[in-house]
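**Student:** This is the content of my_file.cif (mmCIF, C-alpha atoms):
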data_my_file
#
loop_
_atom_site.group_PDB
_atom_site.id
_atom_site.type_symbol
_atom_site.label_atom_id
_atom_site.label_comp_id
_atom_site.auth_asym_id
_atom_site.auth_seq_id
_atom_site.Cartn_x
_atom_site.Cartn_y
_atom_site.Cartn_z
ATOM 1 C CA MET A 10 6.492 -66.963 -127.999
ATOM 2 C CA ILE A 11 9.348 -65.884 -125.792
ATOM 3 C CA PHE A 12 12.756 -66.817 -127.096
ATOM 4 C CA GLY A 13 15.098 -68.507 -124.680
ATOM 5 C CA SER A 14 12.344 -69.965 -122.557
ATOM 6 C CA LYS A 15 12.596 -73.395 -120.998
ATOM 7 C CA SER A 16 10.168 -74.860 -123.559
ATOM 8 C CA ASP A 17 12.315 -73.617 -126.456
ATOM 9 C CA SER A 18 15.293 -75.402 -124.936
ATOM 10 C CA GLY A 19 13.298 -78.614 -124.675
ATOM 11 C CA GLN A 20 12.181 -78.309 -128.274
ATOM 12 C CA ALA A 21 15.773 -77.813 -129.443
ATOM 13 C CA GLU A 22 16.871 -80.899 -127.518
ATOM 14 C CA GLN A 23 14.017 -82.925 -129.018
ATOM 15 C CA ILE A 24 14.929 -81.765 -132.529
ATOM 16 C CA GLU A 25 18.568 -82.689 -131.940
ATOM 17 C CA LYS A 26 17.546 -86.129 -130.654
ATOM 18 C CA LEU A 27 15.318 -86.768 -133.676
ATOM 19 C CA GLU A 28 18.030 -85.636 -136.098
ATOM 20 C CA LYS A 29 20.502 -88.046 -134.467
ATOM 21 C CA GLN A 30 17.996 -90.882 -134.772
ATOM 22 C CA LYS A 31 17.446 -89.981 -138.426
ATOM 23 C CA ARG A 32 21.202 -90.162 -139.143
ATOM 24 C CA ILE A 33 21.477 -93.558 -137.434
ATOM 25 C CA MET A 34 18.500 -95.012 -139.306
ATOM 26 C CA ARG A 35 19.614 -93.531 -142.619
ATOM 27 C CA SER A 36 23.049 -95.118 -142.280
ATOM 28 C CA ALA A 37 21.491 -98.555 -141.775
ATOM 29 C CA LEU A 38 19.065 -98.064 -144.664
ATOM 30 C CA GLU A 39 21.875 -96.960 -146.969
ATOM 31 C CA PHE A 40 23.809 -100.153 -146.198
ATOM 32 C CA TYR A 41 20.872 -102.412 -147.072
ATOM 33 C CA ALA A 42 19.901 -100.303 -150.091
ATOM 34 C CA ASP A 43 23.398 -100.503 -151.625
ATOM 35 C CA VAL A 44 23.303 -103.265 -154.247
ATOM 36 C CA LYS A 45 26.977 -104.144 -153.804
ATOM 37 C CA ASN A 46 26.260 -105.217 -150.215
ATOM 38 C CA TRP A 47 23.964 -107.907 -151.641
ATOM 39 C CA GLU A 48 26.571 -109.206 -154.106
ATOM 40 C CA GLU A 49 28.572 -112.276 -153.175
ATOM 41 C CA GLY A 50 32.244 -111.882 -152.314
ATOM 42 C CA HIS A 51 32.074 -108.219 -151.349
ATOM 43 C CA LYS A 52 33.940 -106.472 -148.541
ATOM 44 C CA TYR A 53 32.382 -103.841 -146.300
ATOM 45 C CA ARG A 54 32.986 -102.015 -143.025
ATOM 46 C CA ASP A 55 30.950 -102.991 -140.008
ATOM 47 C CA ASP A 56 29.741 -100.696 -137.227
ATOM 48 C CA ASP A 57 33.040 -101.130 -135.373
ATOM 49 C CA ASN A 58 34.853 -99.911 -138.521
ATOM 50 C CA ALA A 59 36.367 -103.371 -139.106
ATOM 51 C CA THR A 60 36.701 -104.530 -142.707
ATOM 52 C CA ILE A 61 34.656 -107.658 -143.334
ATOM 53 C CA PHE A 62 35.486 -109.859 -146.321
ATOM 54 C CA THR A 63 32.827 -112.297 -147.455
ATOM 55 C CA ASP A 64 34.064 -115.662 -148.721
ATOM 56 C CA GLY A 65 32.438 -115.393 -152.121
ATOM 57 C CA SER A 66 29.408 -117.499 -151.344
ATOM 58 C CA GLU A 67 27.602 -114.881 -149.249
ATOM 59 C CA SER A 68 26.922 -111.167 -149.509
ATOM 60 C CA GLY A 69 27.808 -108.558 -146.911
ATOM 61 C CA ALA A 70 24.131 -108.083 -146.095
ATOM 62 C CA THR A 71 23.727 -111.821 -145.568
ATOM 63 C CA VAL A 72 26.754 -111.983 -143.285
ATOM 64 C CA ASP A 73 25.478 -108.919 -141.402
ATOM 65 C CA LYS A 74 22.208 -110.750 -140.620
ATOM 66 C CA GLY A 75 20.397 -107.531 -139.742
ATOM 67 C CA SER A 76 23.028 -106.379 -137.250
ATOM 68 C CA LYS A 77 23.094 -102.824 -138.610
ATOM 69 C CA ALA A 78 19.307 -102.547 -138.383
ATOM 70 C CA TYR A 79 19.288 -103.997 -134.867
ATOM 71 C CA ARG A 80 21.996 -101.599 -133.682
ATOM 72 C CA ALA A 81 20.190 -98.638 -135.254
ATOM 73 C CA LEU A 82 16.958 -99.545 -133.464
ATOM 74 C CA LYS A 83 18.763 -100.026 -130.134
ATOM 75 C CA ALA A 84 20.574 -96.678 -130.506
ATOM 76 C CA CYS A 85 17.301 -94.900 -131.207
ATOM 77 C CA ASP A 86 15.603 -96.569 -128.239
ATOM 78 C CA ALA A 87 18.476 -95.492 -125.994
ATOM 79 C CA SER A 88 18.348 -91.851 -127.008
#
I'd like the structure from this file rewritten - as structure tokens, please.

**Tutor:**
Amino acid sequence: MIFGSKSDSGQAEQIEKLEKQKRIMRSALEFYADVKNWEEGHKYRDDDNATIFTDGSESGATVDKGSKAYRALKACDAS
């Protein structure tokens, strides 16, 4: 193996891309795994960093309707 070759650069870029995808997916999974996001009347921050208050009859995950998962998948497809 020769360090600094073109293939090493490509591998580093691929690793960086996969690590970014992992962070995006992990963030979405953490939201859905957090029990408080399934409790009624909870506030949370959406992907645009806006604070969302649920009205007490629905949970943050219910109001989200899979938006975080959808955005994570789209971001990974785009990269």

**Student:** Please evaluate the PyMOL selection byres ((chain A and resi 73) around 10) against the displayed coordinates and give the resulting residues as a list in words.

**Tutor:**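 The output of the PyMOL selection byres ((chain A and resi 73) around 10) on this file is Tyr41, Asn46, Tyr53, Asp55, Ile61, Ser68, Gly69, Ala70, Thr71, Val72, Lys74, Gly75, Ser76, Lys77 and Ala78 of chain A.
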
**Student:** Expanded to explicit residues, what is the PyMOL selection byres ((chain A and resi 86) around 12) for this file, as a PDB file with C-alpha atoms, in the coordinates of the input?

**Tutor:**
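Okay, this is what ended up in expr.pdb:
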ATOM      1  CA  LYS A  26      17.546 -86.129-130.654  1.00  0.00           C
ATOM      2  CA  LEU A  27      15.318 -86.768-133.676  1.00  0.00           C
ATOM      3  CA  LYS A  29      20.502 -88.046-134.467  1.00  0.00           C
ATOM      4  CA  GLN A  30      17.996 -90.882-134.772  1.00  0.00           C
ATOM      5  CA  ILE A  33      21.477 -93.558-137.434  1.00  0.00           C
ATOM      6  CA  MET A  34      18.500 -95.012-139.306  1.00  0.00           C
ATOM      7  CA  TYR A  79      19.288-103.997-134.867  1.00  0.00           C
ATOM      8  CA  ARG A  80      21.996-101.599-133.682  1.00  0.00           C
ATOM      9  CA  ALA A  81      20.190 -98.638-135.254  1.00  0.00           C
ATOM     10  CA  LEU A  82      16.958 -99.545-133.464  1.00  0.00           C
ATOM     11  CA  LYS A  83      18.763-100.026-130.134  1.00  0.00           C
ATOM     12  CA  ALA A  84      20.574 -96.678-130.506  1.00  0.00           C
ATOM     13  CA  CYS A  85      17.301 -94.900-131.207  1.00  0.00           C
ATOM     14  CA  ALA A  87      18.476 -95.492-125.994  1.00  0.00           C
ATOM     15  CA  SER A  88      18.348 -91.851-127.008  1.00  0.00           C
TER      16      SER A  88
END

**Student:** Using the file's own x, y and z axes, so that the box edges lie along x, y and z, what centre and edge lengths in Å (one decimal) does a box around every listed atom of stretch 67-81 of chain A get when 8 Å is added on each side? Give it as AutoDock Vina command-line options.

**Tutor:**
--center_x 23.5 --center_y -106.8 --center_z -141.6 --size_x 24.5 --size_y 32.2 --size_z 31.8

**Student:** Can you work out the spacing between atom CA of A:Glu67 and atom CA of A:Glu49 in Å, to one decimal?

**Tutor:** 4.8 Å
